[in-house]
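Right, one structure below, let's go through it.
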Amino acid sequence: MERQYHLLARLEHDFDHVVETCEALMGHVEHAPPKGWVLGEIPFNIAWLRHALLDFWYQDGQDGRATRNYIGLIAADSTLLAYVADINHAKQTFAATLAEIRQDAPSLLPEIKAVLPFRHPTLHDHLRGQGLARLHLKQCWRHLPVADAPLSRVRLAWYTSGRSIKRLSVRDAERRLLEMDTESPHIRIQLRHLADIPDGEPLAQVQTQAPVMRANLFFREALADGRMRRAMNLPLPLFIPSEDGCLPSHNTPKATPPSTRTRAQRADTKLEDTPFLPSLRVYRYR
């Protein structure tokens with residue numbers, strides 16, 4: 001129990017530090033507003049940036065696995081970049097303590113989501129009336145993206161073809177099906193299909209990922225390792241080193257992702273086209 005109290009006290013301190021570093025950055029930009037751009041018909045201003053930095057909350061009905069995006073570009077001088085580094089260091093510490101809690105005291109998680117907001121009454125009172133009283137832990141610790149060096153241009157595009165693939169054994173798949181309603185005809189059919197393949201055949205469980213904004217960064221000069229470009233996802237505004245305060249050239253994609261794939265399916269895909277076990281999103285390899 002003492003260990004749990006210690007972990008909770010650490011996490012409370014770490015959360016305070018995340019909020020404090022965000023507030024410090026906001027205090028700086030109020031006196032030295034940077035130039036910025038926001039995706040969609042939304043003006044870049046201090047209010048938008050504050051909301052992007054301090055949105056740590058579940059909305060009513062939000063899928064716990066989903067996070068809200070704040071896509072934009074911000075020209076950052078060395079002072080602003082130092083504030084961003086402080087925020088990311090604080091978030092990294094928060095995430096490390098949270099990982100310990102998930103490992104050693106997972107029963108604390110519901111309490112954490114409900115209790116931590118009360119440590120900052122201004123945030124809590126403002127958001128409670130909007131039904132946002134619970135913390136979204138991933139939105140607390142996700143880092144602010146930062147370009148490695150000044151950029152000549154940025155190319156933005158929605159990436160809608162992402163998916164995660166996890167290998168499963170036949171026995172793993174069988175165990176998961178048996179945890180479902182085995183009286184249902186469709187589960188019995190899938191169990192029969194599974195029994196017809198070799199025990200040693202690897203299977204693939206596929207999870208389609210939510211659309212993400214992908215940024216291709218083109219550097220003005222080569223990095224130390226010789227790279228002239230880099231790709232990264234942008235769930236939060238990208239801070240771009242810029243001592244003259246100007247943004248690099250960039251395109252303006254649509255504010256919402258396309259409803260269908262924008263890339264042709266790879267001809268060398270290793271998985272069959274139709275799921276072998278639909279209830280588990282499991283496919284066979286070709």
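Simple scheme: letters A, B, ... for chains in structure tokens order, numbers from 1 for residues in each chain, numbers from 1 for ligands in the order shown.
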#### Entry: Per-residue DSSP, segment 42-268 of chain A, filtered to strand (DSSP E or B), as a ChimeraX atom specification
/A:57,72-76,135,146,151-159,163-168,203-208,212-219,229-233,238-241,249-250
### Task
Name all residues at most 9 Å from Phe15 of chain A (count only C-alpha atoms; drop same-chain ones fewer than 5 positions away) and give them as a VMD selection string.
chain A and resid 10 20 90 to 91 94 116 119 140
Include N, CA and C atoms and write out the residues we just selected as a compact mmCIF listing (two decimals), in the first residue's frame.
```txt
# COMPACT_ATOMS: atom_id res chain seq x y z
N ARG A 10 3.98 10.66 -6.67
CA ARG A 10 4.89 11.01 -7.78
C ARG A 10 4.12 11.45 -9.01
N GLU A 20 2.31 23.03 -15.34
CA GLU A 20 3.11 24.22 -15.08
C GLU A 20 3.99 24.59 -16.27
N ALA A 90 8.81 17.07 -19.14
CA ALA A 90 7.81 16.83 -18.10
C ALA A 90 6.85 15.71 -18.52
N LYS A 91 6.45 15.69 -19.78
CA LYS A 91 5.56 14.64 -20.27
C LYS A 91 6.25 13.27 -20.23
N PHE A 94 6.16 12.08 -16.67
CA PHE A 94 4.80 11.65 -16.35
C PHE A 94 4.53 10.27 -16.94
N LEU A 116 -6.80 13.55 -10.35
CA LEU A 116 -5.79 14.53 -10.78
C LEU A 116 -6.37 15.87 -11.23
N ARG A 119 -6.51 18.87 -8.86
CA ARG A 119 -5.29 19.57 -8.42
C ARG A 119 -5.15 20.92 -9.11
N CYS A 140 -2.31 13.48 -22.05
CA CYS A 140 -1.42 14.16 -21.10
C CYS A 140 0.05 13.99 -21.48
```
#### Entry: Among listed residues A:Ala204, A:Val154, A:Ala9, A:Met26, nearest Ile46 of chain A (using only C-alpha atoms)
A:Met26
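In this comparison, which uses only C-alpha atoms, the residue of A:His143, A:His13, A:Arg153, A:His186 approaching Phe218 of chain A most closely is A:Arg153.
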### Task
Name all residues at most 12 Å from Arg171 of chain A (count only C-alpha atoms; drop same-chain ones fewer than 6 positions away) and give them as a list in words.
Leu177, Leu178, Leu191, Leu194, Ala195, Ile197, Pro198, Asp199, Gly200, Glu201, Pro202 and Leu203 of chain A
Could you write those residues out with C-alpha atoms, as an mmCIF file, in the first residue's frame?
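Output file again_31.cif is given in full below:
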```
data_model
loop_
_atom_site.group_PDB
_atom_site.id
_atom_site.type_symbol
_atom_site.label_atom_id
_atom_site.label_comp_id
_atom_site.auth_asym_id
_atom_site.auth_seq_id
_atom_site.Cartn_x
_atom_site.Cartn_y
_atom_site.Cartn_z
ATOM 1 C CA LEU A 177 -12.605 -17.562 -29.606
ATOM 2 C CA LEU A 178 -13.424 -19.822 -26.655
ATOM 3 C CA LEU A 191 -13.506 -22.774 -34.419
ATOM 4 C CA LEU A 194 -9.249 -23.083 -37.058
ATOM 5 C CA ALA A 195 -9.206 -26.833 -36.418
ATOM 6 C CA ILE A 197 -5.209 -25.715 -40.292
ATOM 7 C CA PRO A 198 -1.832 -26.856 -38.894
ATOM 8 C CA ASP A 199 -1.097 -25.954 -35.266
ATOM 9 C CA GLY A 200 2.177 -24.327 -36.275
ATOM 10 C CA GLU A 201 0.731 -21.926 -38.856
ATOM 11 C CA PRO A 202 1.226 -18.270 -37.864
ATOM 12 C CA LEU A 203 -1.802 -15.978 -38.061
#
```
### Task
Find, counting only C-alpha atoms, the residue in A:Ala47, A:Leu223, A:Ala231, A:Leu39 that gets nearest to Gly72 of chain A.
A:Leu39
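Residues within 9 Å of Ala76 of chain A, counting only C-alpha atoms and excluding same-chain residues fewer than 2 positions away, are A:Pro34, A:Lys35, A:Ile74, A:Ser78, A:Thr79, A:Leu80, A:Leu81, A:Phe239, A:Ile240, A:Pro241, A:Ser242, A:Glu243, A:Asp244, A:Gly245, A:Cys246, A:Leu247.
For segment 137-264 of chain A, a DSSP pass over the backbone yields alpha helix (DSSP H) at Leu137, Lys138, Gln139, Cys140, Trp141, Val170, Arg171, Asp172, Ala173, Glu174, Arg175, Arg176, Leu177, Leu178, Pro185, His186, Ile187, Arg188, Ile189, Gln190, Leu191, Arg192, His193, Leu194 and Ala195 of chain A.
The residue that comes closest to Leu49 of chain A, out of A:Leu238, A:Ala255, A:Ala95, A:Leu271 and on the basis of only C-alpha atoms, is A:Leu238.
With only C-alpha atoms taken into account, the protein and nucleic acid residues at most 9 Å from Tyr70 of chain A (excluding it and anything under 5 positions from it in its own chain) are Val38, Leu39, Trp48, Leu49, His51, Ala52, Leu53, Leu234, Pro235, Leu236 and Pro237 of chain A.
Using only C-alpha atoms, the nearest neighbour of Ala215 of chain A within the list A:Trp158, A:Arg227, A:Lys113, A:His17 is A:Trp158.
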#### Entry: Close residues, Thr274 of chain A itself excluded, 10 Å, only C-alpha atoms, min 5 positions apart in chain, as JSON, numbers by chain
{"A": [281, 282, 283, 284]}
### Message
Please compute the atom CA of Gln4 of chain A-atom CA of Ala114 of chain A distance, one decimal, in Å.
### Response
16.2 Å
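Nearest to Trp37 of chain A of all the residues A:Ala96, A:Tyr5, A:Ser152, A:Ser249 is A:Ser249, based on only C-alpha atoms.
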Find the spatial neighbours of Arg3 of chain A, counting only C-alpha atoms, within a cut-off of 10 Å - ignore same-chain residues fewer than 2 positions away - and output them as a PDB file with all heavy atoms, in the first residue's frame.
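Generated output (out21.pdb):
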```pdb
ATOM      1  N   MET A   1       0.827  -1.206   0.000  1.00  0.00           N
ATOM      2  CA  MET A   1       0.000   0.000   0.000  1.00  0.00           C
ATOM      3  C   MET A   1       0.867   1.265   0.000  1.00  0.00           C
ATOM      4  O   MET A   1       0.564   2.239  -0.661  1.00  0.00           O
ATOM      5  CB  MET A   1      -0.932  -0.015   1.210  1.00  0.00           C
ATOM      6  CG  MET A   1      -1.928   1.126   1.215  1.00  0.00           C
ATOM      7  SD  MET A   1      -3.087   1.017  -0.178  1.00  0.00           S
ATOM      8  CE  MET A   1      -4.041  -0.422   0.293  1.00  0.00           C
ATOM      9  N   TYR A   5       0.849   4.576  -2.582  1.00  0.00           N
ATOM     10  CA  TYR A   5       0.794   5.983  -2.181  1.00  0.00           C
ATOM     11  C   TYR A   5       1.977   6.759  -2.753  1.00  0.00           C
ATOM     12  O   TYR A   5       1.836   7.899  -3.211  1.00  0.00           O
ATOM     13  CB  TYR A   5       0.770   6.112  -0.664  1.00  0.00           C
ATOM     14  CG  TYR A   5      -0.544   5.735  -0.031  1.00  0.00           C
ATOM     15  CD1 TYR A   5      -0.585   4.949   1.117  1.00  0.00           C
ATOM     16  CD2 TYR A   5      -1.762   6.156  -0.577  1.00  0.00           C
ATOM     17  CE1 TYR A   5      -1.794   4.594   1.704  1.00  0.00           C
ATOM     18  CE2 TYR A   5      -2.965   5.810   0.010  1.00  0.00           C
ATOM     19  CZ  TYR A   5      -2.976   5.026   1.137  1.00  0.00           C
ATOM     20  OH  TYR A   5      -4.179   4.678   1.706  1.00  0.00           O
ATOM     21  N   HIS A   6       3.138   6.122  -2.731  1.00  0.00           N
ATOM     22  CA  HIS A   6       4.336   6.770  -3.254  1.00  0.00           C
ATOM     23  C   HIS A   6       4.194   7.032  -4.759  1.00  0.00           C
ATOM     24  O   HIS A   6       4.512   8.126  -5.244  1.00  0.00           O
ATOM     25  CB  HIS A   6       5.560   5.897  -2.980  1.00  0.00           C
ATOM     26  CG  HIS A   6       6.838   6.430  -3.552  1.00  0.00           C
ATOM     27  ND1 HIS A   6       7.434   7.596  -3.107  1.00  0.00           N
ATOM     28  CD2 HIS A   6       7.630   5.968  -4.566  1.00  0.00           C
ATOM     29  CE1 HIS A   6       8.536   7.828  -3.797  1.00  0.00           C
ATOM     30  NE2 HIS A   6       8.671   6.855  -4.691  1.00  0.00           N
ATOM     31  N   LEU A   7       3.713   6.019  -5.489  1.00  0.00           N
ATOM     32  CA  LEU A   7       3.539   6.186  -6.933  1.00  0.00           C
ATOM     33  C   LEU A   7       2.503   7.259  -7.244  1.00  0.00           C
ATOM     34  O   LEU A   7       2.686   8.071  -8.158  1.00  0.00           O
ATOM     35  CB  LEU A   7       3.127   4.851  -7.562  1.00  0.00           C
ATOM     36  CG  LEU A   7       4.213   3.792  -7.705  1.00  0.00           C
ATOM     37  CD1 LEU A   7       3.610   2.461  -8.138  1.00  0.00           C
ATOM     38  CD2 LEU A   7       5.285   4.236  -8.695  1.00  0.00           C
ATOM     39  N   LEU A   8       1.408   7.262  -6.499  1.00  0.00           N
ATOM     40  CA  LEU A   8       0.367   8.256  -6.740  1.00  0.00           C
ATOM     41  C   LEU A   8       0.883   9.664  -6.457  1.00  0.00           C
ATOM     42  O   LEU A   8       0.612  10.606  -7.217  1.00  0.00           O
ATOM     43  CB  LEU A   8      -0.854   7.954  -5.873  1.00  0.00           C
ATOM     44  CG  LEU A   8      -2.087   8.841  -6.104  1.00  0.00           C
ATOM     45  CD1 LEU A   8      -2.531   8.782  -7.559  1.00  0.00           C
ATOM     46  CD2 LEU A   8      -3.229   8.418  -5.184  1.00  0.00           C
ATOM     47  N   ALA A   9       1.650   9.824  -5.380  1.00  0.00           N
ATOM     48  CA  ALA A   9       2.227  11.135  -5.060  1.00  0.00           C
ATOM     49  C   ALA A   9       3.181  11.593  -6.158  1.00  0.00           C
ATOM     50  O   ALA A   9       3.184  12.776  -6.540  1.00  0.00           O
ATOM     51  CB  ALA A   9       2.941  11.069  -3.714  1.00  0.00           C
ATOM     52  N   ILE A 101       3.009   2.604 -12.698  1.00  0.00           N
ATOM     53  CA  ILE A 101       1.706   2.338 -12.074  1.00  0.00           C
ATOM     54  C   ILE A 101       0.959   1.251 -12.833  1.00  0.00           C
ATOM     55  O   ILE A 101       0.348   0.354 -12.227  1.00  0.00           O
ATOM     56  CB  ILE A 101       0.885   3.640 -12.001  1.00  0.00           C
ATOM     57  CG1 ILE A 101       1.511   4.592 -10.968  1.00  0.00           C
ATOM     58  CG2 ILE A 101      -0.570   3.354 -11.639  1.00  0.00           C
ATOM     59  CD1 ILE A 101       0.878   5.962 -10.922  1.00  0.00           C
ATOM     60  N   ASP A 104       2.769  -1.962 -11.692  1.00  0.00           N
ATOM     61  CA  ASP A 104       2.780  -2.363 -10.282  1.00  0.00           C
ATOM     62  C   ASP A 104       1.466  -2.120  -9.539  1.00  0.00           C
ATOM     63  O   ASP A 104       1.201  -2.770  -8.526  1.00  0.00           O
ATOM     64  CB  ASP A 104       3.898  -1.612  -9.534  1.00  0.00           C
ATOM     65  CG  ASP A 104       5.276  -1.916 -10.098  1.00  0.00           C
ATOM     66  OD1 ASP A 104       5.424  -2.967 -10.753  1.00  0.00           O
ATOM     67  OD2 ASP A 104       6.203  -1.115  -9.883  1.00  0.00           O
ATOM     68  N   ALA A 105       0.661  -1.155 -10.002  1.00  0.00           N
ATOM     69  CA  ALA A 105      -0.572  -0.826  -9.276  1.00  0.00           C
ATOM     70  C   ALA A 105      -1.664  -0.382 -10.235  1.00  0.00           C
ATOM     71  O   ALA A 105      -2.182   0.731 -10.139  1.00  0.00           O
ATOM     72  CB  ALA A 105      -0.282   0.261  -8.239  1.00  0.00           C
TER      73      ALA A 105
END
```
### Summary
Taken to one decimal, the atom CA of Leu135 of chain A-atom CA of Thr256 of chain A distance is 25.4 Å
